[in-house]
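Here is the file start.tsv (TSV, C-alpha atoms).
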```tsv
chain	number	residue	atom	x	y	z
Q	1	MET	CA	65.23	-57.04	166.70
Q	2	GLY	CA	62.49	-59.01	165.03
Q	3	LYS	CA	58.81	-58.36	165.47
Q	4	VAL	CA	56.73	-59.76	168.31
Q	5	VAL	CA	53.52	-61.29	166.99
Q	6	ALA	CA	50.60	-62.90	168.83
Q	7	SER	CA	49.06	-65.58	166.68
Q	8	ALA	CA	46.26	-68.15	166.80
Q	9	SER	CA	43.23	-69.62	165.12
Q	10	MET	CA	40.22	-67.81	166.54
Q	11	SER	CA	36.46	-68.28	166.29
Q	12	LEU	CA	34.32	-65.43	164.99
Q	13	ASP	CA	33.34	-64.74	168.59
Q	14	GLY	CA	36.93	-64.41	169.73
Q	15	TYR	CA	37.86	-67.77	171.26
Q	16	ILE	CA	41.04	-69.76	170.70
Q	17	ALA	CA	39.98	-72.87	172.62
Q	18	LYS	CA	37.16	-74.24	174.70
Q	19	ASP	CA	37.32	-73.90	178.46
Q	20	ASP	CA	38.83	-77.40	178.68
Q	21	ASN	CA	41.58	-76.37	176.18
Q	22	THR	CA	40.23	-78.54	173.36
Q	23	ILE	CA	39.85	-76.74	170.04
Q	24	GLY	CA	36.54	-77.92	168.56
Q	25	ARG	CA	36.39	-76.91	164.87
Q	26	LEU	CA	39.12	-74.26	165.04
Q	27	PHE	CA	41.74	-76.40	163.31
Q	28	ASP	CA	39.52	-77.80	160.52
Q	29	TRP	CA	41.48	-75.66	158.06
Q	30	PHE	CA	44.69	-77.53	158.90
Q	31	GLN	CA	43.21	-80.75	157.48
Q	32	ASN	CA	40.76	-79.83	154.73
Q	33	GLY	CA	43.00	-79.11	151.75
Q	34	ASP	CA	45.12	-80.77	149.06
Q	35	VAL	CA	48.51	-79.33	149.94
Q	36	GLU	CA	50.65	-81.45	152.26
Q	37	LEU	CA	52.66	-79.54	154.84
Q	38	PRO	CA	54.82	-81.83	156.95
Q	39	THR	CA	55.59	-80.25	160.31
Q	40	VAL	CA	59.25	-79.77	161.04
Q	41	ALA	CA	59.20	-82.05	164.04
Q	42	GLY	CA	57.60	-84.78	161.93
Q	43	HIS	CA	54.81	-85.46	164.41
Q	44	PHE	CA	52.15	-85.15	161.71
Q	45	THR	CA	51.30	-83.56	158.38
Q	46	PHE	CA	48.91	-80.71	157.69
Q	47	HIS	CA	46.68	-80.83	154.59
Q	48	VAL	CA	45.65	-77.30	153.75
Q	49	SER	CA	44.27	-75.27	150.88
Q	50	ARG	CA	46.74	-73.57	148.53
Q	51	PRO	CA	46.19	-70.04	149.90
Q	52	SER	CA	46.62	-71.28	153.48
Q	53	ALA	CA	49.70	-73.31	152.51
Q	54	ASP	CA	51.38	-70.25	151.01
Q	55	TYR	CA	50.45	-68.05	153.95
Q	56	TRP	CA	51.43	-70.59	156.60
Q	57	THR	CA	54.74	-71.55	154.98
Q	58	GLN	CA	55.82	-67.94	154.78
Q	59	TRP	CA	54.68	-67.24	158.36
Q	60	VAL	CA	56.53	-70.21	159.85
Q	61	SER	CA	59.68	-69.44	157.83
Q	62	GLN	CA	59.98	-66.08	159.58
Q	63	ILE	CA	59.69	-67.31	163.17
Q	64	GLY	CA	62.80	-67.52	165.33
Q	65	ALA	CA	61.34	-68.37	168.74
Q	66	LEU	CA	58.03	-69.03	170.47
Q	67	VAL	CA	56.75	-67.77	173.80
Q	68	CYS	CA	54.06	-69.74	175.58
Q	69	GLY	CA	52.53	-70.02	179.01
Q	70	ARG	CA	52.77	-72.87	181.46
Q	71	THR	CA	49.19	-74.03	180.80
Q	72	LEU	CA	49.91	-74.83	177.16
Q	73	PHE	CA	53.30	-76.32	178.03
Q	74	ASP	CA	51.67	-78.66	180.53
Q	75	PHE	CA	48.72	-79.45	178.26
Q	76	THR	CA	51.12	-80.65	175.53
Q	77	ASP	CA	53.69	-82.02	177.99
Q	78	GLY	CA	56.17	-79.69	176.32
Q	79	TRP	CA	55.42	-81.25	172.92
Q	80	GLY	CA	57.49	-84.24	174.05
Q	81	GLY	CA	60.65	-82.11	174.00
Q	82	GLN	CA	60.37	-80.73	170.46
Q	83	HIS	CA	57.80	-78.17	169.40
Q	84	THR	CA	55.68	-79.10	166.36
Q	85	MET	CA	57.32	-76.33	164.36
Q	86	GLY	CA	60.82	-77.30	165.46
Q	87	MET	CA	61.42	-73.97	167.17
Q	88	PRO	CA	63.01	-72.94	170.45
Q	89	VAL	CA	60.35	-72.24	173.05
Q	90	VAL	CA	60.42	-69.82	175.96
Q	91	VAL	CA	57.97	-70.82	178.67
Q	92	VAL	CA	56.60	-68.25	181.12
Q	93	THR	CA	56.23	-70.02	184.45
Q	94	HIS	CA	56.35	-69.52	188.19
Q	95	GLN	CA	58.53	-72.58	188.66
Q	96	VAL	CA	60.91	-74.45	186.40
Q	97	PRO	CA	59.63	-78.04	185.83
Q	98	ALA	CA	62.84	-79.68	187.02
Q	99	GLU	CA	61.69	-83.25	186.37
Q	100	TRP	CA	60.69	-82.48	182.79
Q	101	VAL	CA	63.99	-80.71	182.17
Q	102	ALA	CA	65.93	-83.67	183.51
Q	103	ALA	CA	63.90	-86.04	181.31
Q	104	HIS	CA	64.53	-83.97	178.17
Q	105	PRO	CA	68.23	-83.08	178.10
Q	106	GLY	CA	69.14	-80.64	175.33
Q	107	ALA	CA	65.55	-79.81	174.48
Q	108	PRO	CA	65.39	-76.21	173.18
Q	109	PHE	CA	63.12	-75.02	175.97
Q	110	HIS	CA	63.83	-72.04	178.20
Q	111	PHE	CA	61.94	-71.35	181.40
Q	112	VAL	CA	61.56	-67.76	182.53
Q	113	THR	CA	60.29	-67.10	186.02
Q	114	ASP	CA	60.36	-63.31	186.15
Q	115	GLY	CA	57.44	-62.44	183.95
Q	116	VAL	CA	56.25	-62.00	180.42
Q	117	ALA	CA	58.48	-59.05	179.48
Q	118	ALA	CA	61.59	-61.01	180.49
Q	119	ALA	CA	60.34	-64.01	178.51
Q	120	VAL	CA	59.85	-61.90	175.38
Q	121	ALA	CA	63.32	-60.38	175.85
Q	122	LYS	CA	64.82	-63.87	176.13
Q	123	ALA	CA	62.94	-64.98	173.01
Q	124	GLN	CA	64.16	-61.94	171.08
Q	125	GLU	CA	67.72	-62.72	172.15
Q	126	ILE	CA	67.27	-66.23	170.68
Q	127	ALA	CA	65.38	-65.09	167.57
Q	128	GLY	CA	67.68	-62.24	166.56
Q	129	ASP	CA	66.00	-60.44	163.68
Q	130	ARG	CA	63.42	-63.18	163.23
Q	131	ILE	CA	59.87	-63.09	164.57
Q	132	VAL	CA	58.98	-63.95	168.17
Q	133	SER	CA	55.62	-65.68	168.08
Q	134	VAL	CA	53.60	-65.29	171.24
Q	135	THR	CA	50.88	-67.81	171.99
Q	136	ALA	CA	47.41	-66.36	172.20
Q	137	GLY	CA	45.62	-66.34	175.54
Q	138	THR	CA	46.80	-64.90	178.83
Q	139	ILE	CA	50.36	-64.33	177.60
Q	140	ALA	CA	49.21	-62.43	174.49
Q	141	GLY	CA	46.89	-60.28	176.61
Q	142	GLN	CA	49.73	-59.41	178.97
Q	143	CYS	CA	52.00	-58.59	176.02
Q	144	LEU	CA	49.31	-56.33	174.53
Q	145	GLU	CA	48.88	-54.49	177.81
Q	146	LEU	CA	52.64	-54.13	178.24
Q	147	GLY	CA	53.01	-52.68	174.73
Q	148	LEU	CA	55.22	-55.57	173.62
Q	149	LEU	CA	53.27	-56.65	170.53
Q	150	ASP	CA	54.00	-55.46	166.99
Q	151	GLU	CA	51.29	-57.49	165.26
Q	152	VAL	CA	48.29	-59.69	165.91
Q	153	ALA	CA	47.90	-62.55	163.43
Q	154	VAL	CA	44.43	-64.05	163.53
Q	155	ASP	CA	43.37	-67.10	161.57
Q	156	LEU	CA	39.67	-66.25	161.73
Q	157	VAL	CA	37.47	-69.36	161.62
Q	158	PRO	CA	33.78	-69.10	160.68
Q	159	VAL	CA	32.43	-70.82	163.77
Q	160	VAL	CA	30.60	-69.39	166.75
Q	161	MET	CA	31.70	-71.15	169.93
Q	162	GLY	CA	29.63	-69.26	172.49
Q	163	LYS	CA	32.16	-69.80	175.28
Q	164	GLY	CA	35.83	-70.46	175.67
Q	165	ARG	CA	39.27	-69.00	176.18
Q	166	PRO	CA	39.62	-65.54	174.60
Q	167	PHE	CA	42.54	-64.62	172.32
Q	168	PHE	CA	43.73	-61.99	174.79
Q	169	GLY	CA	42.83	-63.81	178.01
Q	170	ASP	CA	41.29	-61.75	180.78
Q	171	LEU	CA	42.31	-58.41	179.39
Q	172	ALA	CA	41.47	-55.50	181.63
Q	173	ALA	CA	38.52	-53.67	180.10
Q	174	GLY	CA	39.60	-50.82	177.85
Q	175	ASP	CA	39.93	-50.25	174.15
Q	176	ALA	CA	43.25	-51.42	172.69
Q	177	LEU	CA	43.43	-50.00	169.18
Q	178	LEU	CA	44.97	-52.01	166.37
Q	179	GLY	CA	45.43	-50.92	162.77
Q	180	ASP	CA	43.51	-52.16	159.73
Q	181	PRO	CA	44.67	-55.58	158.56
Q	182	THR	CA	47.76	-55.56	156.34
Q	183	VAL	CA	47.09	-59.14	155.29
Q	184	CYS	CA	43.71	-60.66	154.37
Q	185	ILE	CA	43.91	-64.07	152.70
Q	186	GLN	CA	40.95	-66.39	152.30
Q	187	GLY	CA	41.59	-70.09	152.79
Q	188	ASP	CA	39.04	-72.88	153.22
Q	189	ARG	CA	37.22	-72.32	156.53
Q	190	VAL	CA	39.75	-69.68	157.59
Q	191	THR	CA	40.54	-66.04	156.83
Q	192	HIS	CA	44.14	-65.10	157.58
Q	193	LEU	CA	44.29	-61.56	158.97
Q	194	VAL	CA	47.29	-59.65	160.31
Q	195	PHE	CA	46.69	-56.48	162.33
Q	196	PRO	CA	49.52	-54.07	163.18
Q	197	VAL	CA	49.77	-52.73	166.73
Q	198	ASP	CA	50.99	-49.20	167.21
Q	199	ARG	CA	53.50	-49.74	170.01
Q	200	ALA	CA	53.75	-46.02	170.58
Q	201	ALA	CA	49.99	-45.68	171.19
T	1	MET	CA	10.77	-64.40	151.48
T	2	GLY	CA	13.82	-62.26	151.95
T	3	LYS	CA	16.90	-63.28	153.87
T	4	VAL	CA	17.27	-62.91	157.62
T	5	VAL	CA	20.62	-61.30	158.48
T	6	ALA	CA	22.19	-60.52	161.84
T	7	SER	CA	24.36	-57.45	161.56
T	8	ALA	CA	26.57	-55.22	163.71
T	9	SER	CA	29.91	-53.57	164.16
T	10	MET	CA	32.01	-55.92	166.26
T	11	SER	CA	35.40	-55.67	167.97
T	12	LEU	CA	38.11	-58.19	167.10
T	13	ASP	CA	37.31	-59.96	170.37
T	14	GLY	CA	33.63	-60.32	169.52
T	15	TYR	CA	31.86	-57.46	171.31
T	16	ILE	CA	29.18	-55.17	169.88
T	17	ALA	CA	28.98	-52.82	172.87
T	18	LYS	CA	30.36	-52.32	176.33
T	19	ASP	CA	28.46	-53.71	179.30
T	20	ASP	CA	26.77	-50.30	179.76
T	21	ASN	CA	25.62	-50.38	176.09
T	22	THR	CA	27.99	-47.61	174.97
T	23	ILE	CA	30.03	-48.42	171.88
T	24	GLY	CA	33.53	-47.09	172.57
T	25	ARG	CA	35.50	-47.02	169.28
T	26	LEU	CA	33.22	-49.40	167.37
T	27	PHE	CA	31.57	-46.67	165.29
T	28	ASP	CA	34.75	-44.72	164.41
T	29	TRP	CA	34.34	-45.90	160.82
T	30	PHE	CA	30.99	-44.12	160.54
T	31	GLN	CA	32.71	-40.74	160.99
T	32	ASN	CA	36.25	-41.05	159.59
T	33	GLY	CA	35.73	-40.69	155.84
T	34	ASP	CA	35.03	-38.21	153.05
T	35	VAL	CA	31.76	-39.60	151.77
T	36	GLU	CA	28.62	-38.06	153.30
T	37	LEU	CA	25.78	-40.48	153.95
T	38	PRO	CA	22.72	-38.72	155.33
T	39	THR	CA	20.57	-41.12	157.32
T	40	VAL	CA	17.04	-41.53	156.06
T	41	ALA	CA	15.49	-40.20	159.22
T	42	GLY	CA	17.69	-37.11	158.98
T	43	HIS	CA	18.91	-37.38	162.58
T	44	PHE	CA	22.54	-37.08	161.51
T	45	THR	CA	24.99	-37.73	158.68
T	46	PHE	CA	27.62	-40.43	158.43
T	47	HIS	CA	31.04	-39.61	156.95
T	48	VAL	CA	32.61	-42.81	155.72
T	49	SER	CA	35.36	-44.05	153.42
T	50	ARG	CA	34.41	-44.81	149.80
T	51	PRO	CA	34.51	-48.64	150.20
T	52	SER	CA	32.34	-48.42	153.33
T	53	ALA	CA	29.95	-45.99	151.63
T	54	ASP	CA	29.40	-48.35	148.72
T	55	TYR	CA	28.99	-51.36	150.99
T	56	TRP	CA	26.68	-49.61	153.45
T	57	THR	CA	24.48	-47.99	150.80
T	58	GLN	CA	23.89	-51.31	149.10
T	59	TRP	CA	23.24	-53.07	152.41
T	60	VAL	CA	20.70	-50.54	153.64
T	61	SER	CA	18.94	-50.45	150.24
T	62	GLN	CA	18.10	-54.14	150.61
T	63	ILE	CA	16.57	-54.02	154.09
T	64	GLY	CA	12.80	-54.19	154.47
T	65	ALA	CA	12.40	-54.46	158.24
T	66	LEU	CA	14.43	-54.58	161.43
T	67	VAL	CA	14.08	-56.82	164.47
T	68	CYS	CA	15.46	-55.62	167.79
T	69	GLY	CA	15.14	-56.46	171.45
T	70	ARG	CA	13.56	-54.42	174.20
T	71	THR	CA	16.93	-53.38	175.67
T	72	LEU	CA	17.97	-51.51	172.53
T	73	PHE	CA	14.47	-50.09	172.07
T	74	ASP	CA	14.52	-48.69	175.59
T	75	PHE	CA	18.13	-47.48	175.32
T	76	THR	CA	17.24	-45.38	172.24
T	77	ASP	CA	13.72	-44.58	173.46
T	78	GLY	CA	12.48	-46.15	170.24
T	79	TRP	CA	14.65	-43.77	168.19
T	80	GLY	CA	12.08	-41.07	169.00
T	81	GLY	CA	9.50	-42.86	166.87
T	82	GLN	CA	11.50	-43.19	163.67
T	83	HIS	CA	14.46	-45.53	163.27
T	84	THR	CA	17.69	-43.92	162.00
T	85	MET	CA	17.41	-45.90	158.78
T	86	GLY	CA	13.74	-45.04	158.32
T	87	MET	CA	12.66	-48.67	158.49
T	88	PRO	CA	9.79	-50.45	160.18
T	89	VAL	CA	10.96	-52.07	163.40
T	90	VAL	CA	9.69	-55.21	165.11
T	91	VAL	CA	10.49	-55.20	168.82
T	92	VAL	CA	10.71	-58.45	170.78
T	93	THR	CA	9.32	-57.73	174.23
T	94	HIS	CA	7.48	-59.25	177.15
T	95	GLN	CA	5.10	-56.32	177.36
T	96	VAL	CA	3.95	-53.68	174.88
T	97	PRO	CA	5.10	-50.21	176.06
T	98	ALA	CA	1.58	-48.73	176.00
T	99	GLU	CA	2.64	-45.22	177.00
T	100	TRP	CA	5.27	-45.02	174.28
T	101	VAL	CA	2.82	-46.30	171.68
T	102	ALA	CA	0.24	-43.70	172.74
T	103	ALA	CA	2.88	-40.96	172.52
T	104	HIS	CA	4.01	-41.99	169.02
T	105	PRO	CA	0.85	-42.58	166.96
T	106	GLY	CA	1.52	-44.04	163.53
T	107	ALA	CA	5.17	-44.85	164.29
T	108	PRO	CA	6.17	-47.94	162.26
T	109	PHE	CA	6.94	-50.02	165.32
T	110	HIS	CA	5.47	-53.46	165.99
T	111	PHE	CA	5.67	-55.18	169.36
T	112	VAL	CA	5.73	-58.95	169.44
T	113	THR	CA	5.23	-60.66	172.79
T	114	ASP	CA	5.39	-64.32	171.78
T	115	GLY	CA	9.05	-64.75	171.09
T	116	VAL	CA	11.82	-64.25	168.57
T	117	ALA	CA	10.51	-66.64	165.90
T	118	ALA	CA	7.17	-64.81	165.84
T	119	ALA	CA	8.98	-61.48	165.62
T	120	VAL	CA	11.05	-62.66	162.65
T	121	ALA	CA	7.89	-63.98	160.96
T	122	LYS	CA	6.19	-60.62	161.48
T	123	ALA	CA	9.23	-58.79	160.08
T	124	GLN	CA	9.29	-61.06	157.04
T	125	GLU	CA	5.61	-60.36	156.45
T	126	ILE	CA	6.44	-56.63	156.46
T	127	ALA	CA	9.67	-56.95	154.43
T	128	GLY	CA	8.32	-59.21	151.69
T	129	ASP	CA	11.29	-60.27	149.56
T	130	ARG	CA	13.57	-57.70	151.20
T	131	ILE	CA	16.05	-58.43	153.97
T	132	VAL	CA	15.07	-58.70	157.62
T	133	SER	CA	17.94	-57.26	159.63
T	134	VAL	CA	18.24	-58.70	163.12
T	135	THR	CA	20.09	-56.68	165.74
T	136	ALA	CA	23.13	-58.41	167.17
T	137	GLY	CA	23.14	-59.50	170.78
T	138	THR	CA	20.64	-61.72	172.56
T	139	ILE	CA	18.14	-61.64	169.69
T	140	ALA	CA	20.76	-62.65	167.10
T	141	GLY	CA	21.94	-65.48	169.35
T	142	GLN	CA	18.41	-66.79	169.71
T	143	CYS	CA	17.88	-66.56	165.95
T	144	LEU	CA	21.10	-68.49	165.35
T	145	GLU	CA	20.06	-71.22	167.78
T	146	LEU	CA	16.58	-71.42	166.24
T	147	GLY	CA	18.04	-71.77	162.73
T	148	LEU	CA	16.41	-68.54	161.57
T	149	LEU	CA	19.51	-66.77	160.22
T	150	ASP	CA	20.64	-66.84	156.58
T	151	GLU	CA	23.66	-64.61	157.02
T	152	VAL	CA	25.83	-62.93	159.61
T	153	ALA	CA	27.14	-59.50	158.53
T	154	VAL	CA	30.03	-58.36	160.68
T	155	ASP	CA	31.67	-54.96	160.42
T	156	LEU	CA	34.90	-56.07	162.07
T	157	VAL	CA	36.65	-53.24	163.90
T	158	PRO	CA	40.37	-53.49	164.80
T	159	VAL	CA	39.94	-52.82	168.50
T	160	VAL	CA	40.25	-55.17	171.46
T	161	MET	CA	37.65	-54.32	174.08
T	162	GLY	CA	38.36	-56.99	176.67
T	163	LYS	CA	34.80	-57.09	177.94
T	164	GLY	CA	31.32	-56.29	176.70
T	165	ARG	CA	28.19	-57.60	175.08
T	166	PRO	CA	28.90	-60.42	172.63
T	167	PHE	CA	27.48	-60.45	169.07
T	168	PHE	CA	25.46	-63.57	169.81
T	169	GLY	CA	24.60	-62.80	173.43
T	170	ASP	CA	24.77	-65.67	175.89
T	171	LEU	CA	24.79	-68.38	173.30
T	172	ALA	CA	24.65	-71.88	174.73
T	173	ALA	CA	28.10	-73.42	174.34
T	174	GLY	CA	28.43	-75.43	171.16
T	175	ASP	CA	29.95	-74.88	167.74
T	176	ALA	CA	27.65	-73.11	165.28
T	177	LEU	CA	29.27	-73.45	161.87
T	178	LEU	CA	29.08	-70.63	159.37
T	179	GLY	CA	30.47	-70.61	155.84
T	180	ASP	CA	33.51	-68.71	154.59
T	181	PRO	CA	32.79	-65.02	154.03
T	182	THR	CA	31.12	-64.18	150.70
T	183	VAL	CA	31.97	-60.50	151.16
T	184	CYS	CA	35.26	-59.04	152.43
T	185	ILE	CA	35.61	-55.29	151.91
T	186	GLN	CA	38.24	-53.18	153.64
T	187	GLY	CA	37.18	-49.72	154.79
T	188	ASP	CA	39.01	-47.38	157.16
T	189	ARG	CA	39.05	-48.98	160.62
T	190	VAL	CA	36.54	-51.62	159.56
T	191	THR	CA	36.47	-54.83	157.52
T	192	HIS	CA	33.02	-55.68	156.17
T	193	LEU	CA	32.50	-59.45	156.25
T	194	VAL	CA	29.37	-61.44	155.41
T	195	PHE	CA	29.19	-65.08	156.47
T	196	PRO	CA	26.46	-67.41	155.16
T	197	VAL	CA	24.67	-69.69	157.61
T	198	ASP	CA	23.62	-73.10	156.39
T	199	ARG	CA	20.04	-73.19	157.70
T	200	ALA	CA	19.81	-76.90	156.95
T	201	ALA	CA	22.84	-77.68	159.13
```

Do you think you could lay out the structure here as structure tokens?
Amino acid sequence: MGKVVASASMSLDGYIAKDDNTIGRLFDWFQNGDVELPTVAGHFTFHVSRPSADYWTQWVSQIGALVCGRTLFDFTDGWGGQHTMGMPVVVVTHQVPAEWVAAHPGAPFHFVTDGVAAAVAKAQEIAGDRIVSVTAGTIAGQCLELGLLDEVAVDLVPVVMGKGRPFFGDLAAGDALLGDPTVCIQGDRVTHLVFPVDRAA
Amino acid sequence: MGKVVASASMSLDGYIAKDDNTIGRLFDWFQNGDVELPTVAGHFTFHVSRPSADYWTQWVSQIGALVCGRTLFDFTDGWGGQHTMGMPVVVVTHQVPAEWVAAHPGAPFHFVTDGVAAAVAKAQEIAGDRIVSVTAGTIAGQCLELGLLDEVAVDLVPVVMGKGRPFFGDLAAGDALLGDPTVCIQGDRVTHLVFPVDRAA
């Protein structure tokens, strides 16, 4: 099976969004460079620096499925039925949004109502040997606590937000050890870092 | 005048200590290497990796004075009268600890009761063209908000703590922009990063 990776742009003080789910300056690096990266779904085009373009292109090319929570799904209205990156999405939810499903026949969205571990298993079934990308926030925190993560990919942004939604949600206090970063690539207003997680630890 | 730099070991989720001021796994990198670094005050010896030894030695050699808050001063009991790094210390406090001062005659500690900006000014007077190192936490947050910081030096540790004391304390919400890191050195269980702050911004 492919790796399970939690990924997001994160401020230096550990936030992936403001409390109202807006992102402030976290995505500046997606629009401050010379290299055009059209998104698969065609919604819009990123303009990133060369190092970020190379890193991002390789990262996206390895993903086979996404796992997200219901908050993000609702906030984006399910990306209108097609995720920005053109990937199948597994949504962790208490209740399947029947109206949305009816309105978007054939959309590659899967709703899992029996918890995060089941959602990751479903995503791995879809992804095969490709990466399952888990959205940062509550879901990533739960995956970390359940020992489901292989890596944490942080696009570290040099901004201090002061408040917001943490990368690992409301993680129970306790030290979760990661390894030293295996990737460290400097873009423009972003440092791409990938930390391995020892699943046996 | 020398630069004003806020510095600390920080978890990936932005904490410099637990809520009870203990440091969990944050200082592992000070004792996991082959290179001996005796502290100036002779209290103990660090054992760090070669990259961390080189980085740390250069960093400490540039410091002329430290600024800390009363919480840290009390927690360490004023380092017994001599800071671990053998530096003069300016303590931001509401009240001078008269008993402590009487018990430690000649100790290079200065107590400033009229706020963080005055404490930094006093430290700069002492440090001359050397660096003033500001302890992370509330004091660093206040310095950032007051536009007093030139750099933020983060020893980023691959651990997720979940809760604790943030690097910039209870910073008022709002995006404080830093620059991309000018230093990125990988040690063993630590990544040394230095971010410039645009004081004019």

Compile a residue-level contact table for range 50-151 of chain Q against range 162-168 of chain Q at a cut-off of 9 Å, reporting for every qualifying residue the shortest atom pair and its distance in Å to one decimal, with all atoms listed in the file counted, rows ordered by chain and ascending number, as CSV.
```
residue,atom,partner,partner_atom,distance
Q:Thr135,CA,Q:Phe167,CA,8.9
Q:Ala136,CA,Q:Phe167,CA,5.2
Q:Gly137,CA,Q:Phe167,CA,4.8
Q:Thr138,CA,Q:Phe168,CA,5.8
Q:Ile139,CA,Q:Phe168,CA,7.6
Q:Ala140,CA,Q:Phe168,CA,5.5
Q:Gly141,CA,Q:Phe168,CA,4.0
Q:Gln142,CA,Q:Phe168,CA,7.8
Q:Leu144,CA,Q:Phe168,CA,8.0
```

Exercise. Write out as a ChimeraX atom specification each polymer residue whose atoms come within 12 Å of Trp100 in chain Q, counting all atoms listed in the file; drop sequence neighbours fewer than 5 positions from it.
Key: /Q:73-74,77-81,95,105-107,109-111

Practice problem: Using all atoms listed in the file, find the residues of chain T whose closest atom to chain Q is at most 10 Å away, then write them as a PyMOL selection string. | Solution: chain T and resi 10-15+18+24-26+141+144+154+156-164+166-181+184+186-191+195-197

Around range 80-95 of chain Q, fit a box with edges along x, y and z, padding it by 5 Å on each side, then list its centre and edge lengths in Å to one decimal as JSON.
```
{"center_x": 59.3, "center_y": -76.2, "center_z": 176.5, "size_x": 17.3, "size_y": 26.0, "size_z": 34.3}
```

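We find CA of Val112 in chain Q and CA of Cys68 in chain Q to be spaced 10.4 Å apart.
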
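Residues lying within 9 Å of Gly64 in chain Q, counting all atoms listed in the file and ignoring same-chain neighbours fewer than 2 positions away, are Gly2, Val60, Ser61, Gln62, Leu66, Met87, Pro88, Ala123, Gln124, Ile126, Ala127, Gly128, Asp129, Arg130, Ile131, Val132 and Ser133 of chain Q.
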
Exercise. Could you please determine the separation between CA of Val4 in chain Q and CA of Thr84 in chain Q in Å, to one decimal place?
Key: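 The value is 19.5 Å.
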
Exercise. Have a look at CA of Leu72 in chain Q and CA of His94 in chain Q and let me know their distance in Å, one decimal.
Key: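 The value is 13.8 Å.
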
Exercise. Give me the residues within 9 Å of Val116 in chain Q as a ChimeraX atom specification, counting only C-alpha atoms and dropping any in the same chain fewer than 6 places off.
Key: /Q:67,69,92-93,139,142-143,146

Exercise. Find the residue from T:Asp34, T:His192, T:His43, T:Ile185 that sits nearest to Ala153 in chain T; use only C-alpha atoms when measuring.
Key: T:His192

Limit the output to all heavy atoms and give range 189-193 of chain T as a compact mmCIF listing (two decimals), in the first residue's frame.
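Saved the output as part_19.txt:
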```
# COMPACT_ATOMS: atom_id res chain seq x y z
N ARG T 189 17.89 15.75 15.16
CA ARG T 189 16.64 16.09 15.85
C ARG T 189 16.49 17.59 16.06
O ARG T 189 15.90 18.05 17.05
CB ARG T 189 16.47 15.33 17.17
CG ARG T 189 16.46 13.80 16.98
CD ARG T 189 15.70 13.06 18.05
NE ARG T 189 14.33 13.53 18.19
CZ ARG T 189 13.35 13.26 17.31
NH1 ARG T 189 13.58 12.54 16.24
NH2 ARG T 189 12.15 13.74 17.52
N VAL T 190 16.98 18.37 15.11
CA VAL T 190 16.79 19.82 15.13
C VAL T 190 17.15 20.39 13.76
O VAL T 190 18.08 19.90 13.10
CB VAL T 190 17.66 20.49 16.23
CG1 VAL T 190 19.15 20.33 15.93
CG2 VAL T 190 17.29 21.96 16.40
N THR T 191 16.37 21.37 13.32
CA THR T 191 16.70 22.14 12.12
C THR T 191 16.86 23.60 12.55
O THR T 191 15.91 24.19 13.07
CB THR T 191 15.59 22.03 11.05
OG1 THR T 191 15.27 20.65 10.84
CG2 THR T 191 16.02 22.67 9.74
N HIS T 192 18.06 24.14 12.38
CA HIS T 192 18.31 25.52 12.79
C HIS T 192 17.88 26.47 11.67
O HIS T 192 18.44 26.42 10.57
CB HIS T 192 19.79 25.71 13.10
CG HIS T 192 20.32 24.74 14.12
ND1 HIS T 192 19.99 24.81 15.45
CD2 HIS T 192 21.13 23.65 14.00
CE1 HIS T 192 20.59 23.82 16.11
NE2 HIS T 192 21.28 23.09 15.25
N LEU T 193 16.91 27.31 11.96
CA LEU T 193 16.37 28.24 10.96
C LEU T 193 16.44 29.67 11.52
O LEU T 193 16.11 29.89 12.68
CB LEU T 193 14.89 27.92 10.67
CG LEU T 193 14.59 26.55 10.05
CD1 LEU T 193 13.10 26.23 10.17
CD2 LEU T 193 15.00 26.54 8.57
```
